[in-house]
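> For reference, this is final_7.txt, and it has compact mmCIF, C-alpha atoms.
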```txt
# COMPACT_ATOMS: atom_id res chain seq x y z
CA MET A 1 -22.41 -26.54 9.50
CA THR A 2 -20.08 -26.87 6.50
CA LEU A 3 -18.26 -23.62 5.78
CA TYR A 4 -18.12 -22.40 2.21
CA GLN A 5 -14.85 -23.11 0.40
CA SER A 6 -13.85 -21.27 -2.75
CA PRO A 7 -13.78 -23.69 -5.69
CA ILE A 8 -10.85 -21.86 -7.29
CA SER A 9 -8.58 -20.97 -4.35
CA PRO A 10 -7.05 -23.21 -1.66
CA GLY A 11 -7.96 -22.75 2.01
CA ARG A 12 -10.55 -20.67 3.82
CA SER A 13 -9.27 -17.17 4.52
CA TRP A 14 -9.39 -15.22 7.76
CA TYR A 15 -11.09 -12.50 5.74
CA GLU A 16 -14.09 -14.78 5.14
CA ASP A 17 -14.41 -15.42 8.87
CA SER A 18 -14.14 -11.76 9.86
CA CYS A 19 -16.26 -9.91 7.30
CA GLY A 20 -19.74 -10.84 8.47
CA GLU A 21 -22.29 -12.41 6.16
CA ARG A 22 -21.32 -12.32 2.49
CA PRO A 23 -24.30 -11.31 0.35
CA HIS A 24 -25.53 -13.78 -2.26
CA TYR A 25 -26.36 -12.64 -5.78
CA PRO A 26 -28.51 -14.69 -8.17
CA GLN A 27 -27.39 -16.76 -11.13
CA LEU A 28 -28.28 -15.53 -14.61
CA ASP A 29 -31.18 -17.61 -15.89
CA ASP A 30 -32.32 -15.89 -19.10
CA ASN A 31 -31.15 -13.81 -22.04
CA ARG A 32 -30.42 -10.14 -21.44
CA HIS A 33 -29.57 -7.00 -23.38
CA CYS A 34 -27.58 -4.18 -21.76
CA ASP A 35 -25.26 -1.29 -22.54
CA VAL A 36 -22.15 -2.81 -20.92
CA VAL A 37 -21.43 -6.34 -19.73
CA ILE A 38 -18.53 -6.90 -17.34
CA VAL A 39 -17.00 -10.36 -16.95
CA GLY A 40 -15.39 -10.60 -13.52
CA GLY A 41 -16.71 -9.42 -10.16
CA GLY A 42 -13.47 -8.29 -8.55
CA PHE A 43 -12.22 -4.78 -7.77
CA CYS A 44 -11.72 -3.78 -11.41
CA GLY A 45 -15.06 -5.05 -12.72
CA LEU A 46 -17.13 -3.76 -9.80
CA SER A 47 -15.43 -0.36 -9.82
CA CYS A 48 -16.20 0.01 -13.53
CA ALA A 49 -19.79 -1.10 -12.94
CA LEU A 50 -20.27 1.33 -10.06
CA HIS A 51 -19.14 4.35 -12.04
CA LEU A 52 -21.20 3.37 -15.09
CA ALA A 53 -24.38 2.53 -13.17
CA SER A 54 -24.08 5.76 -11.15
CA ASN A 55 -24.19 7.59 -14.48
CA GLY A 56 -27.33 5.83 -15.71
CA VAL A 57 -25.71 3.10 -17.82
CA ASP A 58 -27.43 -0.32 -17.95
CA VAL A 59 -24.71 -2.68 -16.66
CA VAL A 60 -24.57 -6.43 -16.08
CA VAL A 61 -21.75 -8.01 -14.03
CA LEU A 62 -21.02 -11.73 -14.43
CA GLU A 63 -18.96 -13.54 -11.77
CA ALA A 64 -18.05 -17.16 -12.42
CA HIS A 65 -17.99 -18.01 -8.72
CA ARG A 66 -18.87 -15.79 -5.74
CA LEU A 67 -17.72 -12.22 -5.25
CA GLY A 68 -14.50 -12.47 -3.27
CA ASP A 69 -13.42 -15.96 -4.33
CA GLY A 70 -10.66 -14.49 -6.50
CA ALA A 71 -7.74 -12.22 -5.65
CA SER A 72 -9.84 -9.17 -4.75
CA GLY A 73 -11.24 -10.90 -1.67
CA ARG A 74 -8.12 -12.84 -0.64
CA ASN A 75 -5.11 -10.55 -1.18
CA GLY A 76 -2.67 -8.92 1.24
CA GLY A 77 -4.77 -5.76 1.55
CA GLN A 78 -1.84 -3.38 1.01
CA ILE A 79 -2.54 -0.21 -0.96
CA GLY A 80 1.00 1.00 -1.63
CA SER A 81 2.23 4.01 -3.59
CA GLY A 82 3.17 4.24 -7.25
CA HIS A 83 3.65 1.17 -9.41
CA ARG A 84 5.55 -2.12 -9.27
CA ALA A 85 8.54 -0.37 -10.83
CA GLY A 86 10.02 2.59 -8.95
CA VAL A 87 10.06 6.09 -10.42
CA LEU A 88 13.76 5.95 -11.34
CA GLU A 89 13.21 2.76 -13.31
CA LEU A 90 10.16 4.28 -15.00
CA GLU A 91 12.08 7.45 -15.83
CA HIS A 92 14.79 5.35 -17.47
CA GLU A 93 12.21 3.37 -19.43
CA LEU A 94 9.65 6.06 -20.29
CA GLY A 95 11.14 9.46 -19.50
CA PHE A 96 10.24 11.83 -16.66
CA GLU A 97 6.98 13.15 -18.16
CA ARG A 98 5.33 9.74 -18.51
CA SER A 99 6.77 8.53 -15.23
CA LYS A 100 5.32 11.58 -13.44
CA ALA A 101 1.94 11.07 -15.13
CA LEU A 102 1.88 7.45 -13.98
CA TRP A 103 2.86 8.49 -10.44
CA ASP A 104 0.04 11.06 -10.39
CA LEU A 105 -2.38 8.41 -11.65
CA ALA A 106 -1.40 6.15 -8.73
CA GLN A 107 -1.86 9.03 -6.30
CA ASP A 108 -5.35 9.61 -7.72
CA ALA A 109 -5.99 5.87 -7.30
CA LYS A 110 -5.19 5.95 -3.57
CA LYS A 111 -7.49 8.91 -3.04
CA ALA A 112 -10.32 7.35 -5.08
CA LEU A 113 -10.09 4.08 -3.14
CA ILE A 114 -10.69 5.76 0.21
CA GLU A 115 -13.27 8.23 -1.13
CA THR A 116 -15.35 5.44 -2.68
CA ALA A 117 -15.68 3.70 0.68
CA GLU A 118 -16.49 6.96 2.44
CA ASN A 119 -19.04 8.07 -0.16
CA HIS A 120 -20.89 4.74 -0.04
CA GLY A 121 -20.54 4.23 3.69
CA PHE A 122 -18.81 0.87 3.92
CA GLU A 123 -16.14 -0.29 6.37
CA THR A 124 -12.61 -1.12 5.20
CA ASP A 125 -10.60 -1.47 8.45
CA TYR A 126 -8.15 1.06 7.01
CA GLN A 127 -4.86 1.43 8.89
CA PRO A 128 -2.14 3.89 7.81
CA GLY A 129 1.50 3.35 6.97
CA GLN A 130 3.76 1.05 4.96
CA LEU A 131 7.33 -0.14 5.52
CA THR A 132 9.55 -1.50 2.75
CA PRO A 133 12.61 -3.05 4.42
CA LEU A 134 15.66 -4.16 2.46
CA HIS A 135 16.77 -7.77 2.73
CA ARG A 136 20.21 -6.87 1.33
CA ARG A 137 22.43 -3.92 2.30
CA ARG A 138 23.41 -3.37 -1.34
CA PHE A 139 19.96 -1.89 -2.07
CA GLU A 140 20.38 1.03 0.36
CA LYS A 141 21.95 3.56 -2.04
CA GLU A 142 19.41 3.07 -4.81
CA THR A 143 16.57 3.24 -2.28
CA GLN A 144 17.90 6.52 -0.90
CA ALA A 145 18.11 7.85 -4.48
CA GLU A 146 14.49 6.79 -5.06
CA VAL A 147 13.37 8.66 -1.93
CA ALA A 148 15.33 11.76 -3.01
CA ALA A 149 13.69 11.68 -6.45
CA LEU A 150 10.22 11.39 -4.93
CA HIS A 151 10.93 14.40 -2.70
CA ASP A 152 12.64 16.57 -5.31
CA ARG A 153 10.84 15.82 -8.57
CA TYR A 154 7.53 14.20 -7.62
CA GLY A 155 6.57 16.39 -4.67
CA TYR A 156 5.96 13.36 -2.44
CA GLU A 157 7.14 14.09 1.09
CA GLU A 158 5.27 11.25 2.82
CA ILE A 159 8.09 8.77 2.29
CA GLY A 160 11.41 8.71 4.14
CA PHE A 161 14.44 6.46 4.47
CA LEU A 162 15.00 4.56 7.71
CA HIS A 163 18.44 3.29 8.64
CA ARG A 164 18.81 -0.20 10.08
CA ASP A 165 18.20 0.59 13.75
CA ALA A 166 15.11 2.66 13.00
CA MET A 167 13.75 -0.04 10.69
CA ALA A 168 14.40 -2.71 13.32
CA GLU A 169 12.41 -0.68 15.85
CA ALA A 170 9.54 -0.17 13.37
CA LEU A 171 9.43 -3.88 12.48
CA GLY A 172 10.26 -5.37 15.86
CA SER A 173 12.91 -7.42 14.05
CA ARG A 174 16.56 -7.09 13.03
CA ALA A 175 16.15 -9.40 10.03
CA TYR A 176 16.47 -6.49 7.56
CA TYR A 177 18.70 -3.54 6.78
CA GLY A 178 17.39 -0.04 6.09
CA GLY A 179 14.35 0.78 3.98
CA THR A 180 11.47 3.20 3.62
CA ARG A 181 8.50 4.31 5.67
CA ASP A 182 5.55 5.64 3.64
CA ASN A 183 2.99 7.57 5.66
CA GLY A 184 0.91 8.37 2.58
CA THR A 185 -0.61 4.93 2.17
CA GLY A 186 -1.95 2.07 4.27
CA HIS A 187 -3.82 -1.23 4.25
CA ILE A 188 -7.41 -2.48 4.27
CA HIS A 189 -9.55 -5.58 4.80
CA PRO A 190 -10.02 -6.51 1.12
CA MET A 191 -13.09 -8.72 1.58
CA LYS A 192 -14.92 -5.95 3.47
CA TYR A 193 -14.02 -3.54 0.69
CA LEU A 194 -15.27 -5.95 -1.98
CA ILE A 195 -18.53 -6.61 -0.13
CA GLY A 196 -19.12 -2.88 0.21
CA LEU A 197 -18.31 -2.28 -3.43
CA GLY A 198 -20.71 -5.03 -4.52
CA LYS A 199 -23.54 -3.57 -2.43
CA ALA A 200 -22.87 -0.12 -3.87
CA VAL A 201 -22.94 -1.50 -7.42
CA SER A 202 -26.26 -3.21 -6.80
CA ALA A 203 -27.72 -0.11 -5.13
CA ALA A 204 -26.67 1.98 -8.15
CA GLY A 205 -28.85 -0.19 -10.38
CA ALA A 206 -26.42 -2.64 -11.97
CA SER A 207 -27.37 -6.32 -12.23
CA VAL A 208 -24.86 -8.62 -10.51
CA PHE A 209 -24.90 -12.37 -11.16
CA GLU A 210 -22.78 -14.90 -9.26
CA GLU A 211 -21.93 -18.48 -10.24
CA THR A 212 -22.44 -17.44 -13.85
CA PRO A 213 -19.31 -18.17 -15.88
CA ALA A 214 -18.82 -16.76 -19.35
CA THR A 215 -18.35 -19.73 -21.67
CA LYS A 216 -17.97 -17.97 -25.03
CA ILE A 217 -17.31 -14.42 -26.19
CA THR A 218 -18.30 -13.27 -29.68
CA GLY A 219 -17.45 -9.82 -31.01
CA GLY A 220 -19.13 -7.85 -33.75
CA PRO A 221 -21.44 -4.87 -33.95
CA LYS A 222 -22.86 -6.27 -30.68
CA ILE A 223 -20.82 -8.29 -28.19
CA SER A 224 -22.31 -11.59 -27.09
CA ILE A 225 -21.37 -13.37 -23.85
CA GLU A 226 -22.71 -16.89 -23.51
CA THR A 227 -23.24 -18.47 -20.09
CA PRO A 228 -24.64 -21.90 -19.12
CA ARG A 229 -28.21 -20.60 -18.80
CA GLY A 230 -28.43 -17.38 -20.75
CA THR A 231 -26.72 -15.01 -23.18
CA ILE A 232 -25.90 -11.34 -22.62
CA THR A 233 -25.79 -9.01 -25.60
CA ALA A 234 -24.16 -5.61 -25.10
CA ASP A 235 -22.64 -2.66 -26.90
CA ARG A 236 -19.45 -2.88 -24.85
CA CYS A 237 -17.69 -5.43 -22.68
CA LEU A 238 -14.91 -5.38 -20.09
CA LEU A 239 -13.06 -8.62 -19.40
CA ALA A 240 -11.84 -8.13 -15.81
CA MET A 241 -10.79 -11.67 -14.89
CA ASN A 242 -7.12 -10.94 -14.10
CA GLY A 243 -5.59 -14.18 -12.76
CA TYR A 244 -8.55 -16.47 -13.47
CA HIS A 245 -10.11 -17.80 -16.69
CA ASN A 246 -7.96 -15.55 -18.86
CA ASP A 247 -7.48 -18.36 -21.37
CA MET A 248 -10.80 -17.30 -22.94
CA ARG A 249 -8.84 -15.01 -25.24
CA ALA A 250 -5.41 -15.81 -26.67
CA GLU A 251 -4.26 -12.21 -26.14
CA LEU A 252 -4.93 -12.47 -22.42
CA ALA A 253 -3.25 -15.84 -21.97
CA SER A 254 -0.10 -14.61 -23.71
CA HIS A 255 0.19 -11.28 -21.87
CA VAL A 256 -1.23 -11.90 -18.37
CA MET A 257 0.22 -14.75 -16.32
CA PRO A 258 -1.38 -16.07 -13.11
CA ILE A 259 0.90 -16.98 -10.21
CA GLN A 260 -0.12 -18.24 -6.79
CA SER A 261 0.31 -16.27 -3.59
CA PHE A 262 -0.21 -17.64 -0.08
CA ILE A 263 -1.12 -16.06 3.27
CA GLY A 264 -1.35 -17.29 6.84
CA ALA A 265 -3.12 -15.67 9.82
CA THR A 266 -1.93 -16.19 13.39
CA VAL A 267 -3.92 -16.10 16.58
CA PRO A 268 -4.06 -12.55 18.02
CA LEU A 269 -0.67 -11.40 19.30
CA GLU A 270 -0.16 -10.13 22.83
CA ALA A 271 -1.24 -6.51 23.19
CA ASP A 272 2.28 -5.36 24.15
CA THR A 273 4.07 -7.22 21.36
CA SER A 274 7.08 -5.61 19.71
CA VAL A 275 5.90 -6.85 16.30
CA LEU A 276 4.93 -3.86 14.13
CA PRO A 277 4.20 -1.57 17.08
CA ASN A 278 2.76 1.20 14.86
CA GLY A 279 0.54 -1.12 12.82
CA GLU A 280 2.11 -0.47 9.41
CA ALA A 281 1.97 -2.89 6.51
CA VAL A 282 5.24 -4.38 5.22
CA ASP A 283 6.41 -5.43 1.76
CA ASP A 284 10.10 -6.27 1.51
CA SER A 285 12.67 -5.86 -1.26
CA ARG A 286 12.67 -9.45 -2.50
CA PHE A 287 11.57 -10.18 -6.04
CA VAL A 288 9.45 -12.94 -4.49
CA VAL A 289 7.97 -10.46 -2.04
CA ARG A 290 7.21 -11.20 1.58
CA TYR A 291 4.34 -9.03 2.74
CA PHE A 292 2.77 -8.83 6.16
CA ARG A 293 0.73 -6.66 8.49
CA LYS A 294 -1.40 -6.80 11.60
CA SER A 295 -5.18 -6.99 11.47
CA LYS A 296 -7.50 -4.84 13.57
CA ASP A 297 -7.66 -7.67 16.13
CA ASN A 298 -3.84 -7.91 16.28
CA ARG A 299 -3.25 -11.04 14.20
CA LEU A 300 -0.18 -11.23 12.01
CA LEU A 301 -1.28 -11.73 8.38
CA PHE A 302 1.81 -12.98 6.56
CA GLY A 303 2.10 -13.63 2.84
CA GLY A 304 4.70 -14.88 0.40
CA ARG A 305 5.17 -16.74 -2.89
CA GLU A 306 7.45 -19.71 -2.58
CA ALA A 307 5.34 -22.35 -4.38
CA TYR A 308 4.22 -22.21 -7.99
CA GLY A 309 2.05 -25.29 -8.29
CA SER A 310 -1.04 -26.42 -6.39
CA ALA A 311 -0.97 -26.19 -2.59
CA ALA A 312 -3.06 -27.50 0.28
CA PRO A 313 -3.64 -25.46 3.47
CA GLY A 314 -1.22 -27.70 5.42
CA ASN A 315 1.57 -27.03 2.94
CA ILE A 316 0.81 -23.32 3.01
CA ARG A 317 1.08 -23.33 6.82
CA ARG A 318 4.52 -24.93 6.72
CA THR A 319 5.83 -22.45 4.15
CA ILE A 320 4.40 -19.40 5.90
CA ARG A 321 5.53 -20.54 9.38
CA LYS A 322 9.10 -20.93 8.11
CA GLN A 323 9.09 -17.40 6.68
CA ILE A 324 7.56 -15.88 9.83
CA THR A 325 10.20 -17.59 11.99
CA GLU A 326 13.04 -16.17 9.88
CA ILE A 327 11.83 -12.65 10.71
CA TYR A 328 10.25 -13.18 14.12
CA PRO A 329 11.91 -16.17 15.85
CA GLN A 330 9.80 -15.52 18.96
CA LEU A 331 6.71 -16.52 16.93
CA ALA A 332 8.11 -19.93 15.90
CA ASP A 333 5.43 -21.79 17.85
CA ILE A 334 2.51 -19.43 17.33
CA GLU A 335 -0.70 -21.01 16.05
CA LEU A 336 -1.84 -20.24 12.52
CA THR A 337 -5.63 -20.28 12.50
CA HIS A 338 -5.98 -19.82 8.74
CA ALA A 339 -3.91 -20.56 5.64
CA TRP A 340 -5.07 -19.74 2.15
CA GLY A 341 -3.95 -18.79 -1.32
CA GLY A 342 -5.08 -17.73 -4.74
CA ASN A 343 -4.00 -16.37 -8.09
CA VAL A 344 -2.56 -12.95 -8.67
CA ALA A 345 -1.48 -11.92 -12.15
CA ILE A 346 1.67 -10.42 -13.61
CA THR A 347 2.88 -9.20 -16.97
CA MET A 348 6.42 -9.34 -18.38
CA PRO A 349 7.27 -5.69 -17.52
CA ARG A 350 5.04 -5.70 -14.37
CA HIS A 351 2.78 -3.00 -15.88
CA PRO A 352 -0.99 -3.56 -16.14
CA TYR A 353 -2.23 -4.95 -19.44
CA VAL A 354 -5.09 -2.67 -20.56
CA ARG A 355 -6.28 -2.95 -24.14
CA GLU A 356 -9.29 -2.62 -26.43
CA LEU A 357 -8.93 -6.03 -28.08
CA GLU A 358 -11.49 -5.25 -30.74
CA ASN A 359 -14.23 -2.69 -31.17
CA GLY A 360 -15.99 -2.33 -27.81
CA LEU A 361 -14.23 -5.31 -26.19
CA TRP A 362 -11.82 -4.23 -23.44
CA THR A 363 -9.62 -6.09 -21.01
CA ALA A 364 -7.62 -5.14 -17.92
CA GLY A 365 -5.36 -7.28 -15.73
CA GLY A 366 -1.82 -8.10 -14.67
CA PHE A 367 -1.61 -5.55 -11.85
CA SER A 368 1.52 -7.28 -10.55
CA GLY A 369 1.06 -6.77 -6.82
CA HIS A 370 -0.50 -3.30 -6.93
CA GLY A 371 -4.02 -4.45 -7.63
CA VAL A 372 -5.77 -3.12 -4.52
CA MET A 373 -5.57 0.46 -5.71
CA LEU A 374 -4.71 0.09 -9.41
CA SER A 375 -7.41 -2.44 -10.33
CA ASN A 376 -10.09 -0.33 -8.67
CA TYR A 377 -8.93 2.82 -10.40
CA THR A 378 -8.42 1.12 -13.76
CA GLY A 379 -12.05 -0.01 -13.72
CA ARG A 380 -13.11 3.54 -12.98
CA MET A 381 -10.92 4.98 -15.76
CA ILE A 382 -12.35 2.54 -18.30
CA ALA A 383 -15.86 3.57 -17.25
CA GLN A 384 -14.91 7.23 -17.67
CA ASN A 385 -13.61 6.43 -21.14
CA PHE A 386 -16.89 4.69 -22.04
CA LEU A 387 -18.77 7.76 -20.82
CA GLY A 388 -16.55 10.19 -22.73
CA GLN A 389 -15.49 11.84 -19.44
CA SER A 390 -11.73 11.18 -19.53
CA GLU A 391 -8.99 9.55 -21.59
CA GLN A 392 -6.68 9.02 -18.59
CA ILE A 393 -6.81 5.27 -19.24
CA LYS A 394 -4.55 5.85 -22.27
CA LEU A 395 -1.63 6.21 -19.84
CA LEU A 396 -1.96 2.47 -19.20
CA GLN A 397 -3.10 1.54 -22.72
CA ASP A 398 0.06 3.03 -24.20
CA LEU A 399 2.45 0.97 -22.06
CA GLU A 400 4.37 -1.64 -24.04
CA ILE A 401 3.51 -5.12 -22.77
CA LYS A 402 5.42 -7.91 -24.47
CA PRO A 403 3.93 -11.42 -24.42
CA PHE A 404 5.42 -14.14 -22.27
CA PRO A 405 7.70 -16.45 -24.25
CA GLY A 406 7.05 -20.12 -24.81
CA GLY A 407 3.60 -20.20 -26.38
CA SER A 408 0.78 -22.17 -24.82
CA THR A 409 2.94 -25.31 -24.37
CA PHE A 410 6.03 -23.89 -22.63
CA ARG A 411 4.72 -20.65 -21.06
CA ASN A 412 3.92 -22.15 -17.65
CA PRO A 413 7.12 -24.25 -17.30
CA LEU A 414 9.18 -21.19 -18.24
CA LYS A 415 7.28 -19.14 -15.65
CA ILE A 416 8.11 -21.66 -12.92
CA LEU A 417 11.75 -21.73 -14.01
CA ALA A 418 12.00 -17.91 -14.00
CA LEU A 419 10.33 -17.48 -10.60
CA THR A 420 12.51 -20.20 -9.10
CA TRP A 421 15.55 -18.40 -10.50
CA TYR A 422 14.48 -15.06 -8.95
CA ALA A 423 13.72 -16.78 -5.62
CA MET A 424 17.30 -18.11 -5.68
CA LEU A 425 18.67 -14.61 -6.41
CA ASP A 426 16.75 -13.30 -3.37
CA ARG A 427 18.89 -15.59 -1.22
CA ILE A 428 22.29 -14.33 -2.40
```
Translate the structure of the given file into structure tokens.

Amino acid sequence: MTLYQSPISPGRSWYEDSCGERPHYPQLDDNRHCDVVIVGGGFCGLSCALHLASNGVDVVVLEAHRLGDGASGRNGGQIGSGHRAGVLELEHELGFERSKALWDLAQDAKKALIETAENHGFETDYQPGQLTPLHRRRFEKETQAEVAALHDRYGYEEIGFLHRDAMAEALGSRAYYGGTRDNGTGHIHPMKYLIGLGKAVSAAGASVFEETPATKITGGPKISIETPRGTITADRCLLAMNGYHNDMRAELASHVMPIQSFIGATVPLEADTSVLPNGEAVDDSRFVVRYFRKSKDNRLLFGGREAYGSAAPGNIRRTIRKQITEIYPQLADIELTHAWGGNVAITMPRHPYVRELENGLWTAGGFSGHGVMLSNYTGRMIAQNFLGQSEQIKLLQDLEIKPFPGGSTFRNPLKILALTWYAMLDRI
């Protein structure tokens, strides 16, 4: 039997082989009218669809490939707290009031993520805890100041600073200095979450179509989305494509940049291993982040971004094995059963890009490594805005997002140059 391979992402993921049967949804094969059409069947699009359909809105979701082929089904599974920028950086940029509002939004997002799974009865393999170790000693003072601010001004007591010995014990490695332990977050199996979300959307009455790419978008009093075998006409539209196909609109291509991220999965570790004895997720202090965690069956799932062009599974294995060995030399010869990658998306300031591009036509993307919770919650907030229930989404709409420099010709080469530069800085 030939196993399904995503047409847009390299390698078959361990998630695909551990989530059970992935449901199939039909292709669109006629013309349709609806209240809201959503382009993109990832966390953001499905979350928006679920909230709308649960409130009686006629919703159509279009996915160009299969649900889970993009970042929502292939990511590191880490929920995290807050945003890509820390609260002290956000205070400096936006002031305390807006920084606190954004922190509270992210706290709501964590809660909503777990509650959605509980309310709709789907499994997520949730495990608590997150460690953020420092790869350079010079970051210790600012990290301690960040923790103090979270305790004193943000009322968040779940995070604490670990000195080097305590971090080494928590990691099972002395490759890092101090860092933080966050007991108020955790990690999930993203493909299981996406499958459950898709089933909930369908059960709520929304129409979900796979292998149905949007080929043309036309605004106006009614929004028209053309596909190869049918056209959807709707009052409103959400473009939730994030790191894929965002060249359909010039505004997206200039503000949201896809970059590739790669993950490897080992065979199950020995039950008494010293590696991550408490089962926490890890994201380190590098700009080119290394992120890893153990699965429910005790595999090490290890991710990083060291390549910016195309990559084959064999190349991914070599890169990931090298990074694992730097942290856990005892795993130098461990077998990697899976190696895969895919696009995530960033913006210049690492804030999400959420805009109403024209009347009724919305977009959301560029979650910059915090997409598990923020993309889900952003979809929900946009739905609440459509329903007139809340204007919380304006907290993200009002963020200044400058376009990437270079125009369509030089944007990608400049991206590669910049990321290579930051990867070099991580080493000094």
> Tell me, as a VMD selection string, which residues lie within 10 Å of Thr116 (chain A), counting only C-alpha atoms; anything in the same chain fewer than 5 positions away does not count.
chain A and resid 47 50 111 121 to 122 193 196 to 197 200 376
> What does the distance from CA of Cys237 (chain A) to CA of Ile346 (chain A) come to in Å, to one decimal?
22.0 Å
> Excluding Ala339 (chain A) and its own-chain neighbours fewer than 4 positions away, which residues fall within 7 Å of it when counting all atoms listed in the file? Please give them as a PyMOL selection string.
chain A and resi 11-13+263-265+313+316-317
> Report, in Å to a single decimal, how far apart CA of Ile232 (chain A) and CA of Asn31 (chain A) are.
5.8 Å
> Restrict the calculation to all atoms listed in the file, then for each residue of region 178-265 of chain A with any atom at most 12 Å from an atom of region 277-286 of chain A give the closest atom pair and their distance in Å to one decimal, rows by chain and rising residue number, as CSV.

```
residue,atom,partner,partner_atom,distance
A:Gly178,CA,A:Ser285,CA,10.5
A:Gly179,CA,A:Asp284,CA,8.6
A:Thr180,CA,A:Asp284,CA,9.8
A:Arg181,CA,A:Glu280,CA,8.8
A:Asp182,CA,A:Glu280,CA,9.1
A:Asn183,CA,A:Glu280,CA,8.9
A:Gly184,CA,A:Glu280,CA,11.2
A:Thr185,CA,A:Ala281,CA,9.3
A:Gly186,CA,A:Ala281,CA,6.7
A:His187,CA,A:Ala281,CA,6.4
A:Ile188,CA,A:Ala281,CA,9.7
A:His189,CA,A:Ala281,CA,12.0
```
> Using only the atoms of region 157-164 of chain A listed in the file, plus 5 Å on each side, state the axis-aligned box centre and edge lengths in Å rounded to one decimal, as lines of an AutoDock Vina configuration file.

```
center_x = 12.0
center_y = 6.9
center_z = 5.6
size_x = 23.5
size_y = 24.3
size_z = 19.0
```
> Please write as an mmCIF file with C-alpha atoms, in the frame of the given file the list of polymer residues whose atoms come within 10 Å of (6.9, 3.5, -11.2), counting all atoms listed in the file and keeping to the coordinates of the file.

```
data_model
loop_
_atom_site.group_PDB
_atom_site.id
_atom_site.type_symbol
_atom_site.label_atom_id
_atom_site.label_comp_id
_atom_site.auth_asym_id
_atom_site.auth_seq_id
_atom_site.Cartn_x
_atom_site.Cartn_y
_atom_site.Cartn_z
ATOM 1 C CA SER A 81 2.230 4.010 -3.590
ATOM 2 C CA GLY A 82 3.170 4.240 -7.250
ATOM 3 C CA HIS A 83 3.650 1.170 -9.410
ATOM 4 C CA ARG A 84 5.550 -2.120 -9.270
ATOM 5 C CA ALA A 85 8.540 -0.370 -10.830
ATOM 6 C CA GLY A 86 10.020 2.590 -8.950
ATOM 7 C CA VAL A 87 10.060 6.090 -10.420
ATOM 8 C CA LEU A 88 13.760 5.950 -11.340
ATOM 9 C CA GLU A 89 13.210 2.760 -13.310
ATOM 10 C CA LEU A 90 10.160 4.280 -15.000
ATOM 11 C CA GLU A 91 12.080 7.450 -15.830
ATOM 12 C CA GLU A 93 12.210 3.370 -19.430
ATOM 13 C CA LEU A 94 9.650 6.060 -20.290
ATOM 14 C CA ARG A 98 5.330 9.740 -18.510
ATOM 15 C CA SER A 99 6.770 8.530 -15.230
ATOM 16 C CA LYS A 100 5.320 11.580 -13.440
ATOM 17 C CA ALA A 101 1.940 11.070 -15.130
ATOM 18 C CA LEU A 102 1.880 7.450 -13.980
ATOM 19 C CA TRP A 103 2.860 8.490 -10.440
ATOM 20 C CA ALA A 106 -1.400 6.150 -8.730
ATOM 21 C CA ARG A 350 5.040 -5.700 -14.370
ATOM 22 C CA HIS A 351 2.780 -3.000 -15.880
#
```
> Please report the interatomic distance between CA of Asn298 (chain A) and CA of Phe262 (chain A) in Å with one decimal.
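Calculated distance between CA of Asn298 (chain A) and CA of Phe262 (chain A) is 19.4 Å.
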> For the structure just given, write the atoms of region 260-273 of chain A, namely C-alpha atoms, as a PDB file, in the first residue's frame.

```pdb
ATOM      1  CA  GLN A 260      10.413  26.154   6.221  1.00  0.00           C
ATOM      2  CA  SER A 261      10.629  24.282   9.502  1.00  0.00           C
ATOM      3  CA  PHE A 262      11.757  20.672   9.914  1.00  0.00           C
ATOM      4  CA  ILE A 263      11.076  17.965  12.505  1.00  0.00           C
ATOM      5  CA  GLY A 264      12.398  14.471  13.148  1.00  0.00           C
ATOM      6  CA  ALA A 265      10.891  11.714  15.321  1.00  0.00           C
ATOM      7  CA  THR A 266      13.050   9.076  17.004  1.00  0.00           C
ATOM      8  CA  VAL A 267      12.154   5.549  17.964  1.00  0.00           C
ATOM      9  CA  PRO A 268      10.667   5.407  21.498  1.00  0.00           C
ATOM     10  CA  LEU A 269      13.265   6.203  24.158  1.00  0.00           C
ATOM     11  CA  GLU A 270      13.977   3.873  27.054  1.00  0.00           C
ATOM     12  CA  ALA A 271      11.401   4.239  29.817  1.00  0.00           C
ATOM     13  CA  ASP A 272      14.020   5.357  32.370  1.00  0.00           C
ATOM     14  CA  THR A 273      15.711   7.897  30.104  1.00  0.00           C
TER      15      THR A 273
END
```
